[in-house]
Amino acid sequence: MPTSNSVALVVFVVIASLAATACKNDSSSSGAQDKGAKKEEKIASCDVIKQESMCREWSDANIAASGQSFLSDLCTGNLQGTFAMSACPKDKRVGACTTPEGTRVFYTDGPAPLDAAAAEKACKEGVPAGQWKAGG
C-alpha cells in the first residue's frame, strides 16, 4: 500500500509536469505569433478604376495559390488594368468587398461609380457573396 509521502510525491510530479507543459505551450504559441507578426504579408492589386470604377486586391494566400505571374497576366491581359505588388489606392474609396478570391474595392471615380449602398448590395448579393466594409 502506498504511503502518504509517495502519493504526495506522485501528485507533485503530475502537477509539476502539467505546469511545465502549459508553460512550454504558452511560450511556443507566443513565439509562433511573434514570428508571424514579423513576416510581412504580400499584397497584389489590379487597378481597373478607369475601366470599372474598381480595383482588385489579392492577399498573400491568394498570391500563393494563384501565383504572382498569373495574377499579373490576368490583370494586364483580360482586365486591361495596372498590376502592382501593393494595395489598391486609398483615395476616393466607397468601400471594399472581401471574398475568398480576393477583395474588390469600389471607387467614386471611373465610368461606373457606385454609392455605398449600391456597392454593399453588389457585394452581399454577388457570386460569391462577400463581406462589406464601408469607406477606405
# chains A, B, ... in the order shown; residues from 1 in each chain; ligands from 1
call {"tool": "residues_around", "arguments": {"residues": "Ser72 (chain A)", "least_positions_apart": "2", "cutoff": "8 Å", "atoms": "only C-alpha atoms", "output": "list in words"}}
result
Cys46, Gln68, Ser69, Phe70, Leu74, Cys75, Thr76, Phe83 and Ala84 of chain A
call {"tool": "write_last_selection", "arguments": {"atoms": "C-alpha atoms", "output": "short mmCIF file (atom, residue, chain, number, x, y, z; two decimals), in the first residue's frame"}}
result
data_model
loop_
_atom_site.label_atom_id
_atom_site.label_comp_id
_atom_site.auth_asym_id
_atom_site.auth_seq_id
_atom_site.Cartn_x
_atom_site.Cartn_y
_atom_site.Cartn_z
CA CYS A 46 -5.13 45.26 -60.21
CA GLN A 68 2.08 36.33 -58.94
CA SER A 69 2.64 35.92 -62.70
CA PHE A 70 -0.88 34.51 -63.23
CA LEU A 74 -4.92 38.31 -65.63
CA CYS A 75 -4.80 41.97 -64.66
CA THR A 76 -2.86 43.37 -67.59
CA PHE A 83 -0.83 45.37 -61.79
CA ALA A 84 1.17 46.24 -58.66
#
call {"tool": "residues_around", "arguments": {"residues": "region 91-104 of chain A", "least_positions_apart": "5", "cutoff": "9 Å", "atoms": "only C-alpha atoms", "output": "list in words"}}
result
Met54, Cys55, Arg56, Glu57, Trp58, Ser59, Asn62, Asp109, Pro113, Leu114, Asp115, Ala116, Ala119, Glu120, Ala122, Cys123, Lys124, Pro128, Ala129, Gly130, Gln131, Trp132, Lys133, Ala134, Gly135 and Gly136 of chain A
call {"tool": "residues_around", "arguments": {"residues": "Ala87 (chain A)", "least_positions_apart": "6", "cutoff": "8 Å", "atoms": "only C-alpha atoms", "output": "list in words"}}
result
Ile43, Ala44, Ser45 and Glu57 of chain A
call {"tool": "closest_residue", "arguments": {"among": "A:Asp60, A:Lys121, A:Tyr107, A:Ile49", "to": "Met85 (chain A)", "atoms": "only C-alpha atoms"}}
result
A:Asp60
call {"tool": "atom_distance", "arguments": {"atom1": "CA of Gln80 (chain A)", "atom2": "CA of Ala65 (chain A)"}}
result
21.8 Å
call {"tool": "atom_distance", "arguments": {"atom1": "CA of Glu40 (chain A)", "atom2": "CA of Phe106 (chain A)"}}
result
25.2 Å
call {"tool": "select_by_dssp", "arguments": {"residues": "region 72-135 of chain A", "states": "strand (DSSP E)", "output": "list in words"}}
result
Thr82, Phe83, Ala84, Arg93, Val94, Gly95, Ala96, Cys97, Thr98, Thr99, Gly102, Thr103, Arg104, Val105, Phe106, Tyr107, Gln131, Trp132, Lys133 and Ala134 of chain A
